[in-house]
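Notes follow once the structure below has been shown.
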Amino acid sequence: MIAAPLDFYARRADFPALSHHAAHSGDRRPLIYLDHAATSQKPQVVLDRLMSAYIERCANVHRGVYAQSEAATRDFEGVRRQIAALIDAPDSQSVVFTKGTTESMNLLAYSLGQCVVQPGDEVLVTQLEHHSNFLPWQELARSRGAKLVVAQVDEHGRLSPHAIAQKLSTKTKLLACTHASNVTGELIDVRSICQLAKQHGTITIIDGAQATAHLPVSVRELGCDFYCFSAHKMLGPFGVGILWGRAALLRTLPAWQTGGGMVLSVRETESDHQSIPHRFEAGTPAVAEVIALGAAVEYLQGIGLSVIAAQEEILRTETRARLRQVPGLRLIGPEGPGVPVISFVLDGVHPHDVATALAAEGIAVRAGLHCAEPLFAAMGVRGSVRVSLSFVNTIEEIETLCSALVRIGALFR
Amino acid sequence: MNEALAKLYQEVILTHHRKPHHFGPLPDATQQVRLVNPLCGDEVTIAVRIDQDTIAACHFDGYGCALCRASASLLTLSVRGQSLEAVRALGHTLLTFLQADPASQTPEGIGDLIALCGVREHPSRRRCATLPWEALLTIVDDATE
Ligand SMILES: Cc1ncc(COP(=O)(O)O)c(C=O)c1O
C-alpha cells in the first residue's frame, strides 16, 4: 500500500527549515531543498528532543548517580536499542556510537585493519565509494604493506556483483562497499556481494550512509559483518554516527581510542578495557544528539521505511523523466534500483555554474565530484550536478527545477 | 535572471565563457603552470612566452566553469605585451580586490577585469576567478627570482 502523496505534503510542515526563505534570492519563495544526500533537514520532533535533552537531562552518561544523569543514560542506551531494531541487528551491544560514517570507517580501518591485514594481503574496495570509504582503506593498505584492490564499475558507473567476484581471492581480507551511491543513487546488491565474500573468508564492511533514510535495512538479510551510517543524513542531528558489527567479531577488536568511559580498571602500567560497545566509545559522547536521533528513528518508523521507499521511488522516476526533457541534459549513472539521488550534466554549462544559478532561484543542489573522484575518473566525467530528494519534495519543486534548468542552459550557451 | 546572478554572470563574463580568447596550448611557451581547484576538480594551465622580461604571448588551457574561463580569457588579454613587474602589480591588485569586502572600492587600472567583481559576494566561487591569476603569479615570481 502506498500512502497518497497528499499525506506527504502535510509532512512538509514537520520540517521548519522548509518554510524558511531561500537565502540568496531576494524574493519570498521558500527554499527548494534538493541536497538531502549531503544532509537531511530535521523535523521539529528531533529539534524538540534535542532541546529537551539539553534542558531536562543535560548530564554525562554512565557517570552520575543523580536523576538527570540516570535519565540521560537511560535515553542514550534506549537509542542504542532503537538503532539495533532499525537495522534488524540481533542485539544492541554491537551498536557503537561514533561521530559519523567517516569516523566509523576510520575506526574499522585502524582496529580491524591492524588485526586482520598482514603484508601481502589484499583489501578490496570499489570505484563507487565515497572518499570516506576509500581513503581509510588506501591508508590501511599503505601502512600494512597490503595491496588495495579496486573493483571496477562499467561506463555508466554500474557496480555488479560480478565485478567484485573477479577481484576476490583468498588473499582478500576485507571488502568495503557502499550500499547506495552518493553520486548516482545506484542501490548495490549487497546481499549477493556478501555471499561471494563469505566464500573467500572475506570480512564485509558496508557504507549505509545513503541508505538508512530511504529504505528498510536488515543487516541480518544483507549478511554483512559491519554496517556504518550517519545520523545527520537520516533526519537526525550532526555529530553522531553508527558502527554496527557482528558481536562475535566486534568483541575480538582492540580499542582504537583510549580514555574515559572505555576502561574497567586502570593501573600505572596497564589497564583493562570494557567490553563492547563501550570499549569503542572513549570520552564523552554527543549525548543530547544521540538522544535526539531516537526521535528521528521514531519519525521514520512512524511513516514506515517501506512507505517512504515507495513514495521516493515515485519521485525519483518522475524527476528522472522530467530532467530528460530538459534540452542538453544528460543523466549520469545506470538505470535500475536506487535511492533518490540523481546526477546529471547540462551540455555546455559547468556544474558549478548550474548550481550557482539554481541557488539564485532558491534551489539548493550540489555540484562537483561529490567526494567520489575515482567514480568520475572511471566514468570519464568531469563532475556533475546532483539532485537528492526526500519524501518531503514535491513534483511542483521538480517542475520549478526543470524550468530553471531550461533557462540556465539558454543563458550560458 | 535576478540581480545577484546578473552581477556574477555579467555579459562580459558570458561572452568570454562562450568564446574565450587564447584558449589552447601555446606552442612556443617558455613557462607554464597548471593549478587545480580541489573543491571542484577544475584545472587551468597558464602558458606564456617571456621575452626580455615582457609577456610576449599568453594562452590558457584546461577545464573550468564560466567564471574560471572568463577570468583566464580576460587575463590573456590584459597581460599581453606587459612587463613582468606590471603584471605582478596587476595580479596582486586584482586578487586583493576579489578577496575584499563587496562594499570596498574598485581599484584603478583593472579595466575589463572589473567584470569579475561578482565573486566577492559568492565566497564559494571566488577561487574560480582567482585560479588563473594564481597560476600566472607563480610564473612571474619564478621568472623574476
Ligand atoms: C556514501 C557516503 N559515505 C560516507 C559519507 C560520509 O559521511 P559523514 O560525512 O557523515 O561521515 C557520505 C556523506 O557524505 C556518503 O554519502
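Chain identifiers are assigned as A, B, and so on, following the order in which chains appear in the C-alpha cells; residues are numbered from 1 within each chain, and ligands are numbered from 1 in order of appearance.
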
Exercise. Identify, on the basis of only C-alpha atoms, every residue whose closest approach to Thr76 of chain B does not exceed 10 Å; exclude the query and any residue fewer than 6 positions from it along the same chain; express the result as a PyMOL selection string.
Key: chain B and resi 20-23+46-48+55+57-60+70+132+136

Practice problem: Check every protein, DNA and RNA residue against ligand 1, keep those with an atom at most 7 Å away (counting only C-alpha atoms and all ligand atoms), and present them as a ChimeraX atom specification. | Solution: /A:37-38,100-103,129-130,132-133,178,180-182,207-210,230,232,241

Keeping only N, CA, C and O atoms, write those residues as a compact mmCIF listing (two decimals), in the first residue's frame.
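Output (out.txt):
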# COMPACT_ATOMS: atom_id res chain seq x y z
N ALA A 37 21.12 14.36 0.26
CA ALA A 37 22.22 13.40 0.38
C ALA A 37 23.39 14.01 1.15
O ALA A 37 24.18 13.29 1.77
N ALA A 38 23.52 15.34 1.10
CA ALA A 38 24.60 15.99 1.85
C ALA A 38 24.23 16.00 3.33
O ALA A 38 25.01 15.59 4.18
N GLY A 100 30.35 9.83 13.04
CA GLY A 100 29.85 9.83 11.67
C GLY A 100 30.34 8.60 10.94
O GLY A 100 31.16 7.82 11.47
N THR A 101 29.85 8.42 9.72
CA THR A 101 30.29 7.30 8.90
C THR A 101 31.81 7.34 8.73
O THR A 101 32.49 6.31 8.80
N THR A 102 32.34 8.54 8.53
CA THR A 102 33.78 8.70 8.32
C THR A 102 34.55 8.14 9.52
O THR A 102 35.52 7.40 9.35
N GLU A 103 34.09 8.49 10.72
CA GLU A 103 34.80 8.00 11.89
C GLU A 103 34.61 6.49 12.04
O GLU A 103 35.54 5.78 12.43
N GLU A 129 32.99 4.17 -4.34
CA GLU A 129 32.98 4.65 -2.96
C GLU A 129 33.13 6.15 -2.80
O GLU A 129 33.85 6.82 -3.54
N HIS A 130 32.47 6.64 -1.75
CA HIS A 130 32.72 7.98 -1.21
C HIS A 130 34.14 7.96 -0.63
O HIS A 130 34.58 6.91 -0.12
N SER A 132 35.23 8.75 2.04
CA SER A 132 35.22 8.27 3.45
C SER A 132 35.31 6.76 3.55
O SER A 132 35.69 6.23 4.59
N ASN A 133 34.91 6.07 2.50
CA ASN A 133 35.01 4.61 2.48
C ASN A 133 36.06 4.18 1.46
O ASN A 133 36.00 3.07 0.93
N THR A 178 29.82 0.29 -0.75
CA THR A 178 28.67 1.10 -0.37
C THR A 178 27.36 0.36 -0.61
O THR A 178 27.28 -0.53 -1.47
N ALA A 180 24.51 2.27 -1.20
CA ALA A 180 23.91 3.11 -2.25
C ALA A 180 24.88 4.23 -2.58
O ALA A 180 25.50 4.80 -1.68
N SER A 181 25.00 4.54 -3.85
CA SER A 181 25.96 5.55 -4.30
C SER A 181 25.47 6.96 -3.97
O SER A 181 24.32 7.30 -4.23
N ASN A 182 26.37 7.79 -3.44
CA ASN A 182 26.00 9.17 -3.16
C ASN A 182 26.09 10.03 -4.42
O ASN A 182 25.81 11.22 -4.37
N ASP A 207 28.91 0.59 3.69
CA ASP A 207 28.67 2.01 3.94
C ASP A 207 27.20 2.29 3.66
O ASP A 207 26.76 2.35 2.52
N GLY A 208 26.44 2.46 4.75
CA GLY A 208 25.00 2.67 4.61
C GLY A 208 24.58 4.13 4.69
O GLY A 208 23.39 4.43 4.85
N ALA A 209 25.55 5.05 4.54
CA ALA A 209 25.25 6.48 4.73
C ALA A 209 24.09 6.96 3.87
O ALA A 209 23.28 7.77 4.30
N GLN A 210 23.99 6.44 2.64
CA GLN A 210 22.93 6.91 1.75
C GLN A 210 21.72 5.99 1.73
O GLN A 210 20.81 6.18 0.93
N SER A 230 25.38 7.58 9.15
CA SER A 230 25.43 8.87 9.84
C SER A 230 24.03 9.34 10.22
O SER A 230 23.12 9.30 9.39
N HIS A 232 23.01 12.41 10.69
CA HIS A 232 22.57 13.66 10.06
C HIS A 232 21.99 13.45 8.65
O HIS A 232 21.36 14.35 8.11
N GLY A 241 27.40 9.18 14.52
CA GLY A 241 27.43 8.12 13.52
C GLY A 241 27.24 6.79 14.21
O GLY A 241 27.27 6.70 15.44

Quiz item: So which bits of chain B end up strand (DSSP E) when you DSSP the backbone, as number ranges by chain?
Solution: B: 31-37, 42-51, 54-63

Resulting file, chosen residues, C-alpha atoms, as a compact mmCIF listing (two decimals), in the first residue's frame:
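Dumped everything to out.txt:
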# COMPACT_ATOMS: atom_id res chain seq x y z
CA GLN B 31 56.91 28.82 -18.99
CA GLN B 32 53.68 27.23 -17.90
CA VAL B 33 51.91 26.39 -14.66
CA ARG B 34 48.91 24.14 -14.05
CA LEU B 35 46.73 24.64 -10.99
CA VAL B 36 43.83 22.55 -9.72
CA ASN B 37 40.94 23.65 -7.56
CA ASP B 42 38.75 22.26 -12.17
CA GLU B 43 42.15 22.82 -13.67
CA VAL B 44 43.73 25.65 -15.53
CA THR B 45 47.08 25.91 -17.28
CA ILE B 46 48.55 29.32 -17.98
CA ALA B 47 51.31 29.28 -20.59
CA VAL B 48 53.42 32.29 -21.51
CA ARG B 49 56.29 33.24 -23.78
CA ILE B 50 58.53 35.62 -21.91
CA ASP B 51 60.80 37.76 -24.00
CA THR B 54 57.90 41.04 -21.09
CA ILE B 55 54.97 38.69 -21.69
CA ALA B 56 55.09 38.31 -25.45
CA ALA B 57 52.24 35.77 -25.58
CA CYS B 58 49.85 34.17 -23.12
CA HIS B 59 47.42 31.25 -23.55
CA PHE B 60 45.26 29.24 -21.19
CA ASP B 61 44.02 25.70 -21.32
CA GLY B 62 42.08 23.32 -19.10
CA TYR B 63 38.62 22.63 -17.80

For the contact check between chain B and chain A, emit one row per residue of chain B within 7 Å, containing the shortest atom pair and the distance in Å rounded to one decimal, counting only C-alpha atoms, chain then rising number order, as JSON lines.
{"residue": "B:Leu5", "atom": "CA", "partner": "A:Ala360", "partner_atom": "CA", "distance": 6.2}
{"residue": "B:Leu14", "atom": "CA", "partner": "A:Phe412", "partner_atom": "CA", "distance": 6.5}
{"residue": "B:Arg18", "atom": "CA", "partner": "A:Arg413", "partner_atom": "CA", "distance": 6.6}
{"residue": "B:Cys40", "atom": "CA", "partner": "A:Gly368", "partner_atom": "CA", "distance": 4.9}
{"residue": "B:Cys65", "atom": "CA", "partner": "A:His350", "partner_atom": "CA", "distance": 5.0}
{"residue": "B:Ala66", "atom": "CA", "partner": "A:Asp353", "partner_atom": "CA", "distance": 6.8}

Got time to write the residues from that selection, N, CA, C and O atoms, as an mmCIF file, in the first residue's frame?
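The result, stored in result-v4.cif:
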data_model
loop_
_atom_site.group_PDB
_atom_site.id
_atom_site.type_symbol
_atom_site.label_atom_id
_atom_site.label_comp_id
_atom_site.auth_asym_id
_atom_site.auth_seq_id
_atom_site.Cartn_x
_atom_site.Cartn_y
_atom_site.Cartn_z
ATOM 1 N N LEU B 5 22.649 37.251 -9.492
ATOM 2 C CA LEU B 5 23.147 36.395 -10.559
ATOM 3 C C LEU B 5 23.646 37.238 -11.734
ATOM 4 O O LEU B 5 24.693 36.952 -12.328
ATOM 5 N N LEU B 14 29.958 36.130 -19.683
ATOM 6 C CA LEU B 14 29.330 35.119 -20.533
ATOM 7 C C LEU B 14 29.944 35.109 -21.931
ATOM 8 O O LEU B 14 30.136 34.042 -22.522
ATOM 9 N N ARG B 18 31.727 31.894 -23.518
ATOM 10 C CA ARG B 18 31.279 31.248 -24.755
ATOM 11 C C ARG B 18 32.403 31.195 -25.783
ATOM 12 O O ARG B 18 32.576 30.203 -26.482
ATOM 13 N N CYS B 40 36.394 21.542 -6.800
ATOM 14 C CA CYS B 40 35.546 21.117 -7.920
ATOM 15 C C CYS B 40 36.326 20.328 -8.964
ATOM 16 O O CYS B 40 35.747 19.859 -9.936
ATOM 17 N N CYS B 65 34.779 26.329 -15.001
ATOM 18 C CA CYS B 65 33.447 26.926 -15.104
ATOM 19 C C CYS B 65 33.528 28.246 -15.877
ATOM 20 O O CYS B 65 34.604 28.699 -16.256
ATOM 21 N N ALA B 66 32.384 28.872 -16.059
ATOM 22 C CA ALA B 66 32.315 30.131 -16.805
ATOM 23 C C ALA B 66 33.192 31.199 -16.160
ATOM 24 O O ALA B 66 33.863 31.970 -16.858
#

Quiz prompt | Selected residue of minimal separation from Gly24 of chain B among B:Thr130, B:Thr93, B:Ser73, B:Gln10, counting only C-alpha atoms | solution = B:Ser73

Exercise. Tell me which of A:Arg267, A:Arg366, A:Arg279, A:Arg316 sits closest to Val95 of chain A, counting only C-alpha atoms.
Key: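 Looking at the shortest contact to Val95 of chain A, the residue is A:Arg279.
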
Practice problem: Could you tell me which of A:Gln152, A:Thr172, A:Gln68, A:Ser160 comes closest to Ala377 of chain A if we count only C-alpha atoms? | Solution: A:Gln152

Quiz item: So which residues touch segment 293-308 of chain A within 9 Å, counting only C-alpha atoms, skipping near sequence neighbours fewer than 5 positions away, as a PyMOL selection string?
Solution: chain A and resi 1-3+42-43+45-50+75-76+78-80+82-83+86+212-217+231-232+234-237+240+288+313+390-391

Quiz item: segment 100-106 of chain B: which residues within 9 Å, counting only C-alpha atoms, same-chain residues fewer than 5 positions away excluded, as a count of residues only?
Solution: 7

Quiz item: Pick the closest to Leu108 of chain A from A:His200, A:Ala146, A:Thr73, A:Val96: which is it, counting only C-alpha atoms?
Solution: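 Of A:His200, A:Ala146, A:Thr73, A:Val96, the one nearest Leu108 of chain A is A:Val96, counting only C-alpha atoms.
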
Quiz item: What lies within 12 Å of Gln127 of chain A using only C-alpha atoms, ignoring chain neighbours under 4 positions off, as a ChimeraX atom specification?
Solution: /A:131,133-135,148-160,163-164,176-178,181,183,371-379
